[in-house]
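Chemist: The structure follows.
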2 protein chains.
Amino acid sequence: MSGPQTPEPALDDQGDSPTDTREEDTAAATQHSHRMLNFSDALLSIIATVMILPVTHTEISPEQQFDRSVQRLLATRIAVYLMTFLIVTVAWAAHTRLFQVVGKIDDTLALLNLACMMTITFLPFTFSLMVTFPEVPLGIFLFCVCVIAIGAVQALIVVYAFSFPHLLNPRIGRSAHCGLYRRHVLQIILRGPALCFLAAGFSLFFYPLSYLLMATVIFLPHVSKAAGWCRDRLMGPREPPAHSMEFFTFDLQEPLSKERVEAFSDGVYAIVATLLILDICEDSVPDAKDVEERFHGSLVAALSAYGPQFLAYFGSFATVGLLWFAHHSLFLHVRKATQSMGLLNTLSLAFVGGLPLAYQQTSAFARQPHEELERVRVSCAITFLASIFQFAVWTAALLREAETLQPSVRFGGQEHAFMFAKLALYPCASLLAFLLTCLLSRFSTAIFHVMQIAVPFAFLLLRLLVRLALALLRALQGLAQPAHCAEDPLLPASC
Amino acid sequence: MSGPQTPEPALDDQGDSPTDTREEDTAAATQHSHRMLNFSDALLSIIATVMILPVTHTEISPEQQFDRSVQRLLATRIAVYLMTFLIVTVAWAAHTRLFQVVGKIDDTLALLNLACMMTITFLPFTFSLMVTFPEVPLGIFLFCVCVIAIGAVQALIVVYAFSFPHLLNPRIGRSAHCGLYRRHVLQIILRGPALCFLAAGFSLFFYPLSYLLMATVIFLPHVSKAAGWCRDRLMGPREPPAHSMEFFTFDLQEPLSKERVEAFSDGVYAIVATLLILDICEDSVPDAKDVEERFHGSLVAALSAYGPQFLAYFGSFATVGLLWFAHHSLFLHVRKATQSMGLLNTLSLAFVGGLPLAYQQTSAFARQPHEELERVRVSCAITFLASIFQFAVWTAALLREAETLQPSVRFGGQEHAFMFAKLALYPCASLLAFLLTCLLSRFSTAIFHVMQIAVPFAFLLLRLLVRLALALLRALQGLAQPAHCAEDPLLPASC
């Protein structure tokens with residue numbers, strides 16, 4: 001918010017007191033990492049999501065049978081999409097944790113970060129290779145090379161940052177055990193690349209083992225958490241480690257920075273919302289010759305042939321937009337994101353990324369009423385999965401509410417019922433639509449459109465509806481115990 | 001908000017002092033607009049840039065002649081891209097200014113904003129129609145309908161926000177002339193839609209006038225600024241308006257929020273950097289059958305055929321990444337962005353968005369050495385234009401440096417020379433490469449690759465190089481007048 005600030009003297013350079021130049025020198029070269037992290041988040045979220053495009057762009061001509069080869073092609077591409085989404089999310093989480101240790105950046109770190117990003121953006125390609133040629137070890141080999149390169153760059157970042165302690169998170173930079181921290185951080189960072197080095201070796205003579213090692217790398221944070229949990233169960237809770245590690249923020253169990261979870265999610269929602277308008281602009285502009293010949297020069301008639309696509313666009317945008325809205329409302333009241341919330345959020349985002357598929361690809365099969373039904377059901381299912389995982393984030397947060405949520409949305413809080421309604425709306429609506437299409441399969445399209453139109457209005461009126469429902473409940477309660485109401489501080493003034 | 005009927009709050013709610021319920025009610029429903037604006041910025045920057053994809057995806061088979069019809073198709077798509085970029089940027093600037101007036105949001109505003117976004121994302125499609133069918137007024141008509149719809153939603157936002165003054169920018173919300181502000185803001189917002197209403201009317205019987213009106217809408221901010229400047233020149237500087245308008249932030253001449261300029265630019269850079277990896281994943285994975293037949297099962301041989309594309313990807317990513325780096329460094333030292341800086345930044349971004357075109361589309365013609373030369377030159381030219389406009393932002397900032405820049409990068413500041421070198425590096429390198437290809441046209445590819453490899457290293461070593469150059473200069477200066485150096489407070493300490 002830059003308003004017209006208090007007018008300054010034209011040349012106020014002279015006013016700057018010439019303090020210690022050495023310090024000023026480092027201060028000028030040091031920068032807040034905020035914008036670089038935003039850029040990285042945008043880049044990674046786009047990379048994660050954009051692999052849905054090859055799936056939606058799979059060309060299937062009307063006369064072509066939906067036979068095994070097409071099915072295999074589609075399955076391959078969906079597998080690549082899901083794996084890419086997962087691996088990029090893991091890389092993003094590692095990046096987030098790394099820059100929780102490194103608090104500030106300078107030019108060198110910014111350039112190293114760019115190198116790291118470039119290597120990460122190459123990962124989807126190695127997946128494409130792996131899935132297309134599962135028996136040729138080249139894909140695995142390239143993947144391992146990428147992971148090793150990322151690890152090397154990240155290790156460089158750590159070594160560089162630890163040699164200029166003013167770049168570190170102040171808590172670590174000022175600690176007396178800086179060297180200890182460095183060794184520990186390096187160990188964690190180089191664990192994945194070391195496994196990949198093994199995997200690259202095995203890929204040359206026994207590749208199935210490489211796949212296993214690769215999966216270990218991807219799921220390392222969750223594997224290590226599960227291992228820790230099992231150990232705790234078997235041997236009783238561990239003693240906390242030596243005092244020096246007390247404040248250690250680069251732990252894999254550490255919650256992710258809430259800001260960055262939001263930024264990454266925003267990126268995914270934004271790119272998903274815009275993917276379909278791209279297709280509309282590319283494919284739904286009728287050909288000039290076509291308009292002349294088939295529609296006797298009437299552009300309106302030609303455009304009306306594309307009607308369903310426009311409807312699909314608006315429907316898709318509304319769904320993505322409102323899911324973003326629910327996510328935004330939820331995270332507004334979240335204090336910090338635990339690891340399980342992060343995982344559930346990732347799963348929700350993966351299905352949000354699948355929405356364009358539901359709306360577009362399946363419409364290619366919508367030649368017969370039977371397939372129209374399929375299309376509606378797939379859309380409902382994907383919407384349901386995306387929204388139910390969002391709801392699960394909320395449930396996971398409620399389980400540790402004192403730590404993760406703000407008071408107003410906790411059990412009994414002012415906004416609790418409203419938030420619940422907001423997050424439950426899409427799962428309920430899509431489940432209802434799905435069930436209705438099973439009962440009344442002839443009207444499936446109508447049911448789907450009614451749902452698409454009704455849900456945004458429901459969101460607008462939600463606050464009113466929740467108030468009405470609560471007022472009703474209170475009225476019933478009031479009839480039962482009329483004296484209680486005036487004493488309860490949580491009930492609103494209108495009571 | 002109404003709380004659920006649970007009589008006692010669960011945990012530490014007790015700590016919250018039960019203040020005025022009315023106030024708490026508004027506080028709970030009011031939210032900071034920060035994340036919504038970030039999301040809008042991401043959405044708008046992707047929409048603006050993504051229209052380059054239809055250009056890069058224009059299929060030209062090797063045997064097809066690069067004849068008039070292909071040229072026309074390409075020109076059409078480039079026109080759509082540029083117009084889309086411009087109109088989305090204008091819409092983004094209006095959105096920025098609107099939310100400089102509206103400081104906080106609630107659920108209703110968030111939903112209205114989503115509706116506004118949805119309408120804006122539809123604008124590129126109306127452009128596609130207009131360019132493909134320049135003589136059919138339907139495109140203009142749809143464009144006008146969109147602009148009117150956007151205006152209506154924005155007017156709703158303003159009316160809603162002004163009826164709950166706690167949502168407004170505190171300076172306006174607390175002002176005694178709130179009603180006056182509202183009228184003024186509404187006037188500015190509805191100016192464009194009113195013109196479009198006229199244009200829609202004219203489109204039915206005399207469409208060329210509609211185009212003129214439409215252009216006026218797009219360039220309204222710049223037209224009104226130019227008009228104001230001319231008037232000032234002719235009639236002497238105007239008296240400032242009545243005291244009530246003194247703090248008015250919704251003026252069209254007002255600088256844009258620097259944060260949002262950064263967020264929008266980040267979005268553009270991020271999507272541009274990732275567009276090419278998408279193409280690589282979609283097109284550069286060899287076909288399994290092909291590998292078997294043409295390359296005797298050797299995947300490595302098959303991949304090496306795609307070598308130039310991988311090289312193009314890394315080159316493109318490095319260029320976009322380093323241009324982002326220069327932009328990031330510049331805006332780190334910018335205090336506020338004036339309107340001319342915003343315009344120059346937009347132009348720079350438009351050419352950044354064109355980089356995938358340079359790297360990919362032209363490679364389709366790269367069958368003969370002659371066209372290879374073309375390709376290199378187009379790449380150099382686009383890189384040059386993107387970076388020279390970035391340099392122009394810096395120049396424009398220097399012209400009003402007391403207001404726009406931080407002390408350390410002003411004339412004579414510590415970082416001035418370094419910033420200059422950073423921003424001048426790409427224009428110089430691309431210009432040099434372009435000139436060299438004219439002289440040594442046979443080695444054009446080699447020259448280009450040398451440039452691509454040399455520039456990132458130059459960035460890494462820039463601080464060193466600049467220091468060396470300054471030390472040299474100082475040594476020369478010291479020889480001339482040895483007494484001066486110690487007194488000059490602007491020269492670094494190593495002097």
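For the structure tokens, the naming scheme is as follows: chains receive sequential letters (A, B, ...) according to their order of presentation, residues are indexed from 1 within each chain, and ligands are indexed from 1 in presentation order.
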Got a sec: who's within 7 Å of region 153-167 of chain B, counting only C-alpha atoms, leaving out chain neighbours fewer than 5 positions off, as a VMD selection string?

Modeler: chain B and resid 102 to 105 109 112 116 173 182 186 189

Chemist: Pull the helix (DSSP H, G or I) assignments for region 272-399 of chain B out of DSSP run on the backbone, and list those residues as a ChimeraX atom specification.

Modeler: /B:272-283,288-294,299-304,307-332,339-359,361-365,369-399

Chemist: Which residue out of A:Ser408, A:Thr126, A:Ser316, A:Asn38 has the minimum interatomic distance to Val352 (chain A) when only C-alpha atoms are used?

Modeler: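 Once distances to Val352 (chain A) are computed over only C-alpha atoms, the minimum belongs to A:Ser316.
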
Chemist: Select, from B:Leu234, B:Leu82, B:Leu440, B:Ala273, the residue with the minimum atom-to-atom distance to chain A, counting only C-alpha atoms.

Modeler: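 Ranked by minimum distance to chain A, first place goes to B:Ala273.
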
Chemist: Quick one: of A:Phe125, A:Phe457, A:Tyr313, A:Phe418, who's nearest to chain B, counting only C-alpha atoms?

Modeler: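 Between A:Phe125, A:Phe457, A:Tyr313, A:Phe418, the residue approaching chain B most closely is A:Phe125.
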
Chemist: Pick out the closest residue to Ala93 (chain A) from this set: A:Val50, A:Leu73, A:Ala288, A:Leu256. Count only C-alpha atoms.

Modeler: A:Leu256

Chemist: For region 386-397 of chain A, list every protein, DNA or RNA residue within 8 Å, evaluated using only C-alpha atoms, and leave out those in the same chain fewer than 2 positions away; present the list as a compact mmCIF listing (two decimals) with C-alpha atoms, in the first residue's frame.

Modeler:
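So the final result, stored in selection01.txt, reads:
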```
# COMPACT_ATOMS: atom_id res chain seq x y z
CA LEU A 323 -12.35 -24.32 -3.61
CA HIS A 327 -8.91 -22.94 1.32
CA LEU A 330 -9.46 -22.08 6.32
CA VAL A 334 -4.65 -21.53 10.77
CA ALA A 337 0.58 -26.11 9.31
CA THR A 338 1.62 -29.47 10.76
CA SER A 340 -0.10 -34.17 8.32
CA MET A 341 -1.99 -31.02 7.29
CA GLY A 342 0.65 -30.41 4.64
CA LEU A 344 -3.53 -33.71 3.15
CA ASN A 345 -3.28 -30.30 1.51
CA LEU A 347 -3.46 -34.55 -1.87
CA SER A 348 -6.28 -32.02 -2.16
CA LEU A 349 -4.19 -29.93 -4.55
CA ALA A 350 -3.36 -32.98 -6.68
CA PHE A 351 -7.08 -33.52 -7.27
CA VAL A 352 -7.68 -29.83 -7.87
CA ILE A 382 -12.79 -35.45 -8.65
CA THR A 383 -14.58 -32.48 -7.08
CA PHE A 384 -15.52 -34.67 -4.14
CA LEU A 399 -7.25 -32.64 16.37
CA ARG A 400 -4.45 -30.36 17.59
CA GLU A 401 -6.50 -27.18 17.65
CA THR A 404 -2.83 -25.05 14.93
CA LEU A 405 -5.98 -22.95 14.95
CA LEU A 423 -15.74 -26.71 4.05
CA ALA A 424 -18.55 -29.26 4.05
CA TYR A 426 -18.57 -28.97 -1.74
CA PRO A 427 -18.15 -32.54 -0.47
```

Chemist: Point out the residue among A:Phe206, A:Leu431, A:Phe133, A:Pro170 with the least atom-to-atom distance to Lys289 (chain B), counting only C-alpha atoms.

Modeler: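 Of A:Phe206, A:Leu431, A:Phe133, A:Pro170, the one nearest Lys289 (chain B), counting only C-alpha atoms, is A:Phe133.
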
Chemist: Quick one: distance from CA of Arg442 (chain A) to CA of Gly315 (chain A) in Å, one decimal?

Modeler: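 Those two atoms sit 20.5 Å apart.
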